[in-house]
Each structure stands twice: as C-alpha cells, then as structure tokens.
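First the structure, in the form of structure tokens, and then the observations on it.
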Amino acid sequence: MRPIRPEDAPAIVEFHSRMSDRTRYLRYFSPYPRIPERDLARFVNVDHHDREAFVIVSGPRIMAVGRYERLGPDSPEAEVAFVVEDAHQGRGIGSVLLEHLAEAARENGISRFVAEVLPQNGGMLRVFSDFGYQVQRKYADGVVHLGFPIAPTEKSREVQESREQRTESRSIARLLHPRAVAVYGASASGQGIGAAILGHLRDGGYTGTIVPVHRSAERVAGLPAYRSAASAGAEVDLAVVAVPPDGVADAVADAAAAGAGGLVVVSAGFAESGGEGARAQRALIDAAHASGLRVVGPNCLGIANTDPAVRLNATLAPRLPAAGRVGFFSQSGALGVALLAEAERRGLGLSSFVSAGNRADVSGNDLLQYWQDDPGTDVVLLYLETFGNPRKFARLARRMSRVKPVVAVASATRPAGLAGDLPALDTRAVTALFARSGVIRVDTVAELFDVGLLLAHQPLPAGRRVAIVGNSSALSGLAVAACRANGLTVAEGYPRDISPQAGAHDFADALADAAVDDRVDALVVVFAPPLPGQLPDEDADFTAALGSVALAGEKPTVATFLLGTMPDRVPAYPSVEEAVRALGRVAGYADWLRLPPGVFPALSGVDPAAPEIDGSPAELLAAYGIQVEPSGAVTSVEEALAAAGELGYPVALKAAGGSLRHRIDLGAVRLALADEDDVRAAYRELESAFGPQVLVQSMVPPGVACTVEVVEDPAFGPVVGFGLGGVASELLGDLAWRAAPLTDRAAAALVDEPRAAPLLHGYRGSAPVDREALIDLLLRVGRLADEHPRVRALSLNPVLARPDGITVLHASVEIGAGGPRPDTGPRRLSSA
C-alpha cells in the first residue's frame, strides 16, 4: 500500500477496465464504462491534506484504491470511498484502506467520515459496520448515508487487533505447513549449507514435495533438480535460500514467480556484517514484501515443524527433538543448534521451531500470533536478544499468556535512567514487568528448559503451598530453604521424610498422601540413593512410585531424584534449588492467571489532542487533568519577595538543584515562611549554602511524600513507576513498575506494592491517605506516557498524599525525538 501518484494514471485506467459492471455500478452509482480524462487527472493528483488516496499494488498492478475528500475548507468531515478489484474482494483489503485513511485524516484535522453506499452493496456496508466505529445510518433517495467519528474506540482497536492476529498467524502457518519447499543453494556435490538443509529435509521425512533449484545439475541429493521453482509444477509455499548474498535477489524473484508465501534466508552477509550488508538486507525485504513474501532471517538457522503430517526440518540441525506441544522461538542462529540439542537431551518435545536470525521481517511477535491459536502448541519458549517492537510484544504477551504460558530468556540489564537522575530499572523491577504481562522471565537457557519441562508435563499449581517428600533430611532442608527463597510456603506437616530403609511401597504411600492433601498445591520430591545394604528389597522401583503420582495430573510435581531414570513427563532436576526455582516461576504465573486483567477506565478532563510542550510541562500535564502547584524560580532576594507576594503567604523556599529540591535533611528547604522578613532570612541562608537559584512555592497542607516516574524500557516501551519519597526509598530502589497504559488494577497494584506502602494506609496511628486519588493520578500519567511518544521521561516528585487528596509540588518532563511506537496506528507489515 502506498499513496497514489500522478504516474499511476495508466494503471488506474487498466484497473478500472478489469472491474465487473456490477463493481463499477456499486462504486460510482452508474455504469461508468470508462474514466474521462478530467476525472482521471483528479483521481491521481491529490494534495495529501484535504484530499488523500492510497492504492494497493502487486508489482505494477493496482488491486484497490481508497480515498477521502474534505467537505469544504477546514471542515472536520470528509467523504470516504474505496473500491477493490473483483478477484480480491472479501479479503479484508477494504478494512486496511479504511484504517490508513482514518489515520491520515486524523493527522490532517479531520474527525469524521461520511459515505454514501447503495443498499445492495452489502460488502461495503459490512466494512463500515464491522470496524468498531459508532456508525449512524440514514436511508434517503435510494442511498444509505453513513456518518461516524474516526477517533479510535475500544471496539475498533479490538477489531483491528483481531484482524492483525488472523493475518499474521496465517502468514506464519503457510511457512510451517508448506505443501512444497524450494531449496536454493544446494550443491550437486553435497557440500555446503544448502546441501545440508536439503539433506535434513529429505531425511527428516518431510511429507510434501522438495524442489531443489539448480542452474545446471539434473539431480541434487538424489532428487530431480529444476532450473526454476515454477517449472517443478508443485505448489511451492516455502523457499529456503542458502546462496551468497548477491544471489539472493534472483532467488526471491524465482520463488515469487512460483507463488511462494515466504522465504527462509539462511545466507549470512547482511545487516550483521555492517552498513553495506544492512542496505542489502533492506533491499531483500523490500523485494520480498513487494512480491507478497514473508522472510525468516537472514542469517538464521531455519524453521521446523514436528507435526507427523508435516515433518519439516528446514534447519541446519541434523536432528530435531521429538514431537511435542512446545513452540520454540530463537533469535540466535548460532545458538539454535545447541538449543535444539538441549531440548532433545532434556526430553522436551517441540511442536515447531523458528530461528529468526537478523529478524528483518518475521519476529517473535509473529510467532506469538501463530501459536496463540495453534492446536498443537500448549507452551511457548522464547530466546530473545533484543526487542524489535516492545509495545507490541507486551500487548501480545498479555493476551497470549491468558491462553498459553510464555517463558522468555531476556536480559534484565537496562541502561541508566533516560533523564538526569531518574532511576534505572533493576533486575527485580524488570522481572516484575515481565510477570505483570504474564511472561515468565528467566535468566539462562537452563532455566528456560527447567520451566518449559514443568509447564509441558504438569498442571499449574492452585496456590503456593508445597509438600516436600523425600528420604533425605539434608535434601529436604535444602528444599525448605529454596521454597522460602522463591516465595513458596512449605505446607503444614511437611517436609515428610521417610526412612532411608523404607521400601518403594512406603515411598508411594507418602507421595499419594501428599497428592490428595487439601493443604498442598504442589509437590517437591527429593530422593537420595540408599547406602548398600539399607534396602530390604534391592530391586524396588522407586521411580515408578514417583511416576504414578506425577503423571496423575492432579498437582504439579518436581523431583530431584538421584536414583534411576525418571519416567517420561516427570520434570526431574539435578539439584533441589533448580527444581524449586522452576516451581516458583510457574506458581507466579499461576497467581497472575487467577487475577482479572483489569480495564482502562474513562478519565474525565483529558484532552488527548494536547500538544507536547518543549518548555514547561505544566500545560501538557494539565491537558491530562494533572495540576502542578505553581512555583517561581528566582535568583535574588528581590525576586524571591516578589514571587512570594504574588503567590501569597505563607510560602516555602527550596534550593533549585534537582537533587536538593526535596532535601529537608540537608537544610535545602525552608517551610511556612510567614512574611517578608522570613523570606529574606531564608533566601540568604539558602544562597549561602546552595547558590542563588531558589524556588518559591505556596505552602500546602502536609502529607506523605510520594514519587511518580516514567521511563522508556527497551522491552516494554514507556513504564510507570511509583514509590514513596525520601532518601531511604531512593537508596533502596523502592519503586513498583507497570507498563503504560495502566489498567485500573495495575494502578491500584502500583500504590500498594512498594515496601513502604504501609505509610499510606494509616501506619502507627496516622490517617490513611486518599488512595483513589493516587490511583487516578497514576492512570492519567500512564495514559499521557502512552499517547505522547516524545515524552522520554517524566517525574512528579514530590506528590503529597493526604486523607483529603493529593498535591503535585514539582514536575519535570524530558521531551525528545519521538520514540518508536510501531504498535500504534493501522496495521503495517514491518520488521516489528
């Protein structure tokens, strides 16, 4: 899709000639057999302000046109219309055009669309009615007159996201369920990467057709070779490209001519190699998208689908893990083979696997869309090095995690705060951010498999009460300590140690009792090898006793079993700490799943069209209903007296330095100055100690000092932090964080989560503060951060919370270039 251009005139005429008589009549309300020159000139020449038009093209061929035209100078209304070629009607193209036209119109000050549609044009009427806008209809003179505001609504966003999920999911499904695979770069000698992948496809039992493409060879790897993929006569859905970078363009063109839906580009030498490679990568993606192809890679390991009906191994790994119900995404190509080998060693069966390499197009977000509805996938594992579209990842993860668990290896390391002395997010805060989105974040690949095994084979725990059963008091003691470290509670009556001399029957009875104990939500089983001669029955099968309980599926069971081989589907770990840590991660996810998701409440007094202010933040904050107590900056005693007189006594004086403004303990603040003499004396003291720059502010009733922060996180975009003020809280990093925008439940949790939060609730006889006022403030800050990409950081400090409300005493906002927000606006095919 692109804006129309004057040189499109011949293609528009050709497009018009392909329309059926019915389509022309429904669009123009008349037969309109040909376009007059005057109309044609008007169609292709637009000002992109009062008149806009977009075309959908495939190569040189125009498939659809959508346009709007403002109804008079500076009118807030515009007429919208679009037409789609007969062969492509009913594919959602009209809804995409409407999304983009609405966004372009809003940017140009248009707030409402009108349209005229013939009653028999049911497809067009459905496009408008199904979009989620509040459409008003009126029938007059044989025409349906439609009108609707084009501001996004909750319903229109839901419709947009649902369509996005379906289309992205289908594009990935075609890659993972190909009817035929074309392979470029497989040598006739059997040497090289292309030959290896071809061999893996063939030997892995791929059920479709393999099409080796070779310039001269008649056979490659024992298979007939073809000069082009199209000449094979097969329905090619996927092309695997393992040729040098300068030959990739030819492979793209050949795959497109064969009707492929996507490419797996294993070839290296693109963006990872420097500037020239980055330009080559951009050209690759542009060429692929122009031909309707999705791209996995370049510089990737490949993709796989273990479904017995497919058995696709288009990777550099000679063997795949057994078929299972875990979807695995790895950004790293180099590490991919090792990850697959480890999954096989750990007995973790996979449903599908994708290595994205440079992630120039297909990303983990696309796979989340696919796996959400994939009936063969129950658990998703992600190995992430960077985030291409953090906001979209957070949104998809929240939705996906309500359906299927998502485990991610993702760095908790974050850069320092983006504005002055704003805090950086520590490891605990980052882990909490993932958890609040439903994602189980782990630090290492080993933990990824630890948690994945548990989720793949065991039910979720109903709570955090753990029964510890074993034959070793030493191991049981370690399990108790590990439970405490991972937020788990040892259930009453446990640990339960059986004698080292106890037989398998006694062990099975102890496990069975724990499994049906109403006080228990999960089991940790520890077993050390008995010493020689301790067991009355040396052939006792203790692993079978464990398997009978663990496979019953009633309560999750993890084991550290230092004897024998565990039955399949029993999560076994080499150490107690690893077993309990995995259980703790899963228990946290189960806790999140039990919580309602929350809603985005309507906020009064908010102007979403508020401008971003490069100077004082007060106007921007006021547009979101956030009032900052007025203050004045002065550099002399005369200016201080004038400011105090204007504000009205009593006043406060504060040293203006950002780190000193709130430091009463350092003498940087003077309160309750009643008259000019007090102001003179206070100013001289502050000037002598801290310099001439001083803030003058009206006195307000005292309260509990709080702080609200916004910073940009690389995994979640803008995040909102809340904590209590004071040096101790800052030193301890006692801030809670949530991704913006905030739901009502997220804002309430922010208020209650800091360790110092009891000070807000009436600690030691003090009156509880107005909690609802704090929640309302956080909701407004979250919405501001979400809607204004140029706000790189924000700080409200201090915010005084009292029983009768709140007062914001100081605000600072860092305005910069708009951060990337590719998750806003209409649908786009991009490297997000």
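Residue names in the structure tokens use chain letters A, B, ... in the order shown, residue numbers from 1 in each chain, and ligand numbers from 1 in the order shown.
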
Name the residues of range 35-243 of chain A that come out as helix (DSSP H, G or I) in a backbone DSSP run; write them as a PyMOL selection string. chain A and resi 37-44+86-88+93-107+122-129+154-176+193-203+230-232

Exercise: range 682-684 of chain A partners within 9 Å, only C-alpha atoms, chain neighbours under 2 positions left out, as a PyMOL selection string: chain A and resi 636-637+640+653-654+669-670+673+677-680+686-689+692+694

Determine the nearest neighbour of Met699 in chain A from the options A:Leu809, A:Val354, A:Val526, A:Val720, counting only C-alpha atoms.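 For Met699 in chain A, the nearest of the candidates is A:Leu809.
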
Compile the contact shell of Glu7 in chain A as number ranges by chain: residues with an atom at most 12 Å away, counting only C-alpha atoms, same-chain residues fewer than 3 positions apart removed. A: 3-4, 10-13, 40-41, 43-45, 60

All residues 9 Å or closer to range 790-802 of chain A, only C-alpha atoms, same chain fewer than 2 positions away omitted, as an MDAnalysis selection string: chainID A and resid 417:419 422 612 628 662 700:712 718 724:725 760 767:771 773:774 781 784:785 788 804:819

Measuring atom to atom with only C-alpha atoms, identify which of A:Tyr32, A:Glu276, A:Arg27, A:Gly194 is nearest to Pro119 in chain A.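 Closest to Pro119 in chain A of all the choices is A:Arg27.
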
Quote the spacing between CA of Gly717 in chain A and CA of Pro789 in chain A in Å to one decimal place.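 About the pair CA of Gly717 in chain A and CA of Pro789 in chain A: they are 9.4 Å apart.
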
Write out as a PDB file with C-alpha atoms, in the first residue's frame which residues come within 7 Å of Ala288 in chain A when counting only C-alpha atoms, dropping same-chain ones fewer than 5 positions away.
```pdb
ATOM      1  CA  VAL A 252      13.454 -14.076  -4.288  1.00  0.00           C
ATOM      2  CA  LEU A 293       6.600 -12.890   0.707  1.00  0.00           C
ATOM      3  CA  ARG A 294       7.365 -13.094   4.418  1.00  0.00           C
TER       4      ARG A 294
END
```

Val466 in chain A environment, 6 Å, only C-alpha atoms, sequence neighbours closer than 4 positions dropped, as a ChimeraX atom specification: /A:489-491,520-523

Just list the residues in range 420-530 of chain A DSSP gives strand (DSSP E) on the backbone, as a list in words.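 Restricting range 420-530 of chain A to strand (DSSP E) produces Val439, Ile440, Arg441, Val442, Arg465, Val466, Ala467, Ile468, Val469, Gly470, Thr489, Val490, Arg496, Asp497, Ala522, Leu523, Val524, Val525, Val526 and Phe527 of chain A.
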
Would you write out those residues with all heavy atoms, as a compact mmCIF listing (two decimals), in the first residue's frame?
```
# COMPACT_ATOMS: atom_id res chain seq x y z
N VAL A 439 4.41 -12.99 31.33
CA VAL A 439 5.57 -13.71 30.80
C VAL A 439 6.45 -14.17 31.96
O VAL A 439 6.74 -13.40 32.87
CB VAL A 439 6.38 -12.80 29.86
CG1 VAL A 439 7.63 -13.52 29.36
CG2 VAL A 439 5.52 -12.36 28.69
N ILE A 440 6.87 -15.43 31.90
CA ILE A 440 7.79 -15.96 32.89
C ILE A 440 9.21 -15.67 32.40
O ILE A 440 9.70 -16.33 31.48
CB ILE A 440 7.59 -17.47 33.10
CG1 ILE A 440 6.13 -17.77 33.45
CG2 ILE A 440 8.52 -17.99 34.19
CD1 ILE A 440 5.80 -19.26 33.48
N ARG A 441 9.85 -14.65 32.97
CA ARG A 441 11.19 -14.30 32.54
C ARG A 441 12.21 -15.12 33.30
O ARG A 441 12.13 -15.25 34.53
CB ARG A 441 11.49 -12.81 32.76
CG ARG A 441 12.76 -12.35 32.04
CD ARG A 441 13.26 -11.04 32.60
NE ARG A 441 13.84 -11.20 33.92
CZ ARG A 441 15.08 -11.63 34.16
NH1 ARG A 441 15.86 -11.98 33.15
NH2 ARG A 441 15.53 -11.77 35.38
N VAL A 442 13.18 -15.68 32.58
CA VAL A 442 14.25 -16.44 33.21
C VAL A 442 15.58 -15.85 32.75
O VAL A 442 15.67 -15.13 31.76
CB VAL A 442 14.18 -17.94 32.85
CG1 VAL A 442 12.90 -18.55 33.40
CG2 VAL A 442 14.26 -18.16 31.35
N ARG A 465 1.39 -23.45 48.31
CA ARG A 465 1.69 -24.38 49.41
C ARG A 465 2.33 -25.65 48.85
O ARG A 465 1.77 -26.31 47.99
CB ARG A 465 0.41 -24.71 50.17
CG ARG A 465 -0.30 -23.48 50.75
CD ARG A 465 -1.68 -23.85 51.26
NE ARG A 465 -2.50 -24.42 50.19
CZ ARG A 465 -3.71 -24.95 50.40
NH1 ARG A 465 -4.22 -24.98 51.61
NH2 ARG A 465 -4.40 -25.44 49.37
N VAL A 466 3.50 -25.97 49.37
CA VAL A 466 4.32 -27.05 48.81
C VAL A 466 4.51 -28.16 49.83
O VAL A 466 4.83 -27.90 51.00
CB VAL A 466 5.69 -26.51 48.36
CG1 VAL A 466 6.58 -27.65 47.88
CG2 VAL A 466 5.51 -25.47 47.27
N ALA A 467 4.30 -29.39 49.39
CA ALA A 467 4.64 -30.57 50.19
C ALA A 467 6.01 -31.08 49.76
O ALA A 467 6.25 -31.28 48.56
CB ALA A 467 3.60 -31.66 50.01
N ILE A 468 6.91 -31.26 50.71
CA ILE A 468 8.24 -31.80 50.43
C ILE A 468 8.28 -33.22 50.98
O ILE A 468 8.05 -33.44 52.17
CB ILE A 468 9.33 -30.94 51.09
CG1 ILE A 468 9.26 -29.51 50.56
CG2 ILE A 468 10.71 -31.53 50.84
CD1 ILE A 468 10.13 -28.52 51.32
N VAL A 469 8.55 -34.17 50.09
CA VAL A 469 8.57 -35.58 50.48
C VAL A 469 9.90 -36.17 49.99
O VAL A 469 10.30 -35.96 48.84
CB VAL A 469 7.40 -36.36 49.84
CG1 VAL A 469 7.47 -37.83 50.24
CG2 VAL A 469 6.06 -35.75 50.27
N GLY A 470 10.57 -36.89 50.87
CA GLY A 470 11.83 -37.49 50.45
C GLY A 470 12.40 -38.43 51.49
O GLY A 470 11.84 -38.61 52.57
N THR A 489 5.49 -21.52 50.10
CA THR A 489 5.24 -21.84 51.50
C THR A 489 5.26 -23.35 51.70
O THR A 489 4.59 -24.08 50.96
CB THR A 489 3.86 -21.29 51.94
OG1 THR A 489 3.83 -19.89 51.73
CG2 THR A 489 3.61 -21.61 53.40
N VAL A 490 6.04 -23.81 52.66
CA VAL A 490 6.03 -25.24 52.98
C VAL A 490 4.74 -25.55 53.72
O VAL A 490 4.42 -24.93 54.74
CB VAL A 490 7.26 -25.63 53.83
CG1 VAL A 490 7.20 -27.10 54.19
CG2 VAL A 490 8.54 -25.30 53.08
N ARG A 496 8.08 -34.17 54.84
CA ARG A 496 7.80 -35.52 55.34
C ARG A 496 8.92 -36.44 54.85
O ARG A 496 9.06 -36.68 53.64
CB ARG A 496 6.44 -36.01 54.83
CG ARG A 496 6.04 -37.36 55.39
CD ARG A 496 4.60 -37.66 55.06
NE ARG A 496 3.69 -36.66 55.63
CZ ARG A 496 2.39 -36.58 55.33
NH1 ARG A 496 1.86 -37.45 54.49
NH2 ARG A 496 1.64 -35.65 55.89
N ASP A 497 9.73 -36.87 55.78
CA ASP A 497 10.86 -37.73 55.44
C ASP A 497 10.53 -39.18 55.76
O ASP A 497 10.11 -39.50 56.87
CB ASP A 497 12.10 -37.32 56.23
CG ASP A 497 12.63 -35.96 55.80
OD1 ASP A 497 12.51 -35.64 54.60
OD2 ASP A 497 13.12 -35.21 56.67
N ALA A 522 1.35 -28.23 45.50
CA ALA A 522 2.39 -28.77 44.62
C ALA A 522 3.31 -29.65 45.44
O ALA A 522 3.38 -29.53 46.67
CB ALA A 522 3.19 -27.64 43.96
N LEU A 523 4.03 -30.55 44.75
CA LEU A 523 4.93 -31.49 45.42
C LEU A 523 6.37 -31.28 44.97
O LEU A 523 6.63 -31.10 43.77
CB LEU A 523 4.53 -32.94 45.11
CG LEU A 523 3.39 -33.57 45.91
CD1 LEU A 523 2.06 -32.94 45.55
CD2 LEU A 523 3.35 -35.09 45.66
N VAL A 524 7.26 -31.32 45.93
CA VAL A 524 8.70 -31.37 45.65
C VAL A 524 9.19 -32.70 46.22
O VAL A 524 9.09 -32.94 47.43
CB VAL A 524 9.45 -30.20 46.30
CG1 VAL A 524 10.95 -30.37 46.12
CG2 VAL A 524 9.00 -28.87 45.69
N VAL A 525 9.72 -33.54 45.35
CA VAL A 525 10.15 -34.87 45.76
C VAL A 525 11.67 -34.93 45.69
O VAL A 525 12.27 -34.60 44.66
CB VAL A 525 9.54 -35.96 44.85
CG1 VAL A 525 9.97 -37.34 45.32
CG2 VAL A 525 8.02 -35.84 44.84
N VAL A 526 12.30 -35.34 46.81
CA VAL A 526 13.76 -35.44 46.85
C VAL A 526 14.11 -36.87 47.28
O VAL A 526 13.51 -37.42 48.20
CB VAL A 526 14.37 -34.41 47.82
CG1 VAL A 526 14.17 -33.00 47.27
CG2 VAL A 526 13.77 -34.51 49.22
N PHE A 527 15.08 -37.44 46.58
CA PHE A 527 15.41 -38.84 46.87
C PHE A 527 16.90 -39.05 46.65
O PHE A 527 17.45 -38.78 45.58
CB PHE A 527 14.61 -39.77 45.95
CG PHE A 527 14.60 -41.20 46.40
CD1 PHE A 527 13.59 -41.67 47.24
CD2 PHE A 527 15.59 -42.09 46.00
CE1 PHE A 527 13.57 -42.99 47.65
CE2 PHE A 527 15.58 -43.41 46.42
CZ PHE A 527 14.57 -43.85 47.25
```

List the spatial neighbours of Asp250 in chain A as a list in words - criterion: any atom at most 12 Å away, only C-alpha atoms, same-chain residues fewer than 4 positions off excluded.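 Result of the neighbour search: Tyr184, Gly185, Val213, Arg215, Ser228, Ala229, Val241, Val243, Pro244, Pro245, Asp246, Asp254, Ala255, Ala256, Ala257, Leu284, Ala287 and Ala288 of chain A.
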
Residues just named, written with all heavy atoms as a compact mmCIF listing (two decimals), in the first residue's frame:
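Ended up saving to again29.txt:
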```txt
# COMPACT_ATOMS: atom_id res chain seq x y z
N TYR A 184 17.25 -23.31 -2.58
CA TYR A 184 18.22 -22.63 -3.43
C TYR A 184 19.59 -22.70 -2.77
O TYR A 184 19.72 -22.35 -1.59
CB TYR A 184 17.83 -21.16 -3.63
CG TYR A 184 16.50 -20.96 -4.32
CD1 TYR A 184 15.31 -21.01 -3.59
CD2 TYR A 184 16.44 -20.72 -5.68
CE1 TYR A 184 14.09 -20.83 -4.22
CE2 TYR A 184 15.22 -20.54 -6.32
CZ TYR A 184 14.04 -20.59 -5.58
OH TYR A 184 12.83 -20.41 -6.21
N GLY A 185 20.60 -23.14 -3.50
CA GLY A 185 21.95 -23.15 -2.97
C GLY A 185 22.46 -24.52 -2.57
O GLY A 185 23.53 -24.63 -1.98
N VAL A 213 16.46 -26.27 -6.59
CA VAL A 213 16.60 -25.38 -7.75
C VAL A 213 18.09 -25.24 -8.03
O VAL A 213 18.86 -24.79 -7.17
CB VAL A 213 15.96 -24.01 -7.48
CG1 VAL A 213 16.14 -23.09 -8.68
CG2 VAL A 213 14.48 -24.17 -7.16
N ARG A 215 21.10 -24.45 -11.34
CA ARG A 215 21.26 -23.93 -12.70
C ARG A 215 21.59 -25.01 -13.73
O ARG A 215 21.20 -24.91 -14.89
CB ARG A 215 22.36 -22.87 -12.72
CG ARG A 215 22.01 -21.59 -11.99
CD ARG A 215 23.16 -20.60 -12.07
NE ARG A 215 22.84 -19.36 -11.38
CZ ARG A 215 23.68 -18.34 -11.27
NH1 ARG A 215 24.90 -18.42 -11.81
NH2 ARG A 215 23.32 -17.25 -10.63
N SER A 228 14.05 -23.67 -12.34
CA SER A 228 13.26 -22.69 -11.59
C SER A 228 12.24 -23.45 -10.76
O SER A 228 11.86 -24.58 -11.09
CB SER A 228 12.54 -21.71 -12.52
OG SER A 228 11.52 -22.38 -13.26
N ALA A 229 11.81 -22.82 -9.69
CA ALA A 229 10.83 -23.49 -8.82
C ALA A 229 9.50 -23.70 -9.53
O ALA A 229 8.83 -24.72 -9.34
CB ALA A 229 10.63 -22.67 -7.54
N VAL A 241 16.66 -20.39 1.21
CA VAL A 241 17.69 -19.73 0.41
C VAL A 241 19.02 -19.83 1.12
O VAL A 241 19.16 -19.31 2.25
CB VAL A 241 17.32 -18.26 0.14
CG1 VAL A 241 18.40 -17.58 -0.71
CG2 VAL A 241 15.96 -18.17 -0.56
N VAL A 243 22.16 -19.21 -0.69
CA VAL A 243 23.10 -18.77 -1.73
C VAL A 243 23.86 -17.55 -1.22
O VAL A 243 23.45 -16.92 -0.24
CB VAL A 243 22.34 -18.43 -3.03
CG1 VAL A 243 21.58 -19.65 -3.54
CG2 VAL A 243 21.39 -17.26 -2.82
N PRO A 244 24.98 -17.17 -1.86
CA PRO A 244 25.68 -15.95 -1.45
C PRO A 244 24.77 -14.74 -1.54
O PRO A 244 23.79 -14.74 -2.31
CB PRO A 244 26.84 -15.87 -2.46
CG PRO A 244 27.05 -17.27 -2.91
CD PRO A 244 25.70 -17.92 -2.91
N PRO A 245 25.05 -13.69 -0.75
CA PRO A 245 24.15 -12.52 -0.70
C PRO A 245 23.82 -11.94 -2.07
O PRO A 245 22.67 -11.53 -2.29
CB PRO A 245 24.93 -11.53 0.16
CG PRO A 245 25.79 -12.37 1.03
CD PRO A 245 26.17 -13.56 0.20
N ASP A 246 24.78 -11.92 -3.00
CA ASP A 246 24.50 -11.30 -4.28
C ASP A 246 23.58 -12.15 -5.15
O ASP A 246 23.11 -11.70 -6.21
CB ASP A 246 25.80 -11.00 -5.03
CG ASP A 246 26.68 -12.24 -5.23
OD1 ASP A 246 26.24 -13.36 -4.84
OD2 ASP A 246 27.79 -12.10 -5.75
N ASP A 254 12.55 -15.73 -8.24
CA ASP A 254 12.13 -17.05 -8.70
C ASP A 254 11.08 -17.65 -7.78
O ASP A 254 10.09 -18.24 -8.24
CB ASP A 254 13.35 -17.98 -8.78
CG ASP A 254 13.02 -19.30 -9.44
OD1 ASP A 254 12.90 -19.32 -10.68
OD2 ASP A 254 12.87 -20.30 -8.71
N ALA A 255 11.26 -17.49 -6.47
CA ALA A 255 10.28 -18.01 -5.51
C ALA A 255 8.94 -17.30 -5.67
O ALA A 255 7.87 -17.92 -5.60
CB ALA A 255 10.81 -17.86 -4.09
N ALA A 256 8.99 -15.98 -5.89
CA ALA A 256 7.75 -15.23 -6.09
C ALA A 256 7.03 -15.71 -7.34
O ALA A 256 5.80 -15.85 -7.36
CB ALA A 256 8.05 -13.74 -6.17
N ALA A 257 7.78 -15.97 -8.41
CA ALA A 257 7.16 -16.44 -9.66
C ALA A 257 6.50 -17.80 -9.47
O ALA A 257 5.54 -18.13 -10.17
CB ALA A 257 8.22 -16.51 -10.76
N LEU A 284 16.48 -6.70 0.23
CA LEU A 284 15.88 -8.03 0.27
C LEU A 284 14.44 -7.97 0.78
O LEU A 284 13.52 -8.54 0.18
CB LEU A 284 16.72 -8.95 1.15
CG LEU A 284 16.05 -10.23 1.68
CD1 LEU A 284 15.68 -11.16 0.54
CD2 LEU A 284 16.96 -10.94 2.68
N ALA A 287 12.07 -6.19 -1.68
CA ALA A 287 11.73 -7.04 -2.82
C ALA A 287 10.76 -8.15 -2.40
O ALA A 287 9.81 -8.48 -3.13
CB ALA A 287 12.99 -7.64 -3.42
N ALA A 288 10.99 -8.74 -1.24
CA ALA A 288 10.11 -9.81 -0.77
C ALA A 288 8.70 -9.30 -0.50
O ALA A 288 7.71 -9.91 -0.92
CB ALA A 288 10.70 -10.45 0.48
```
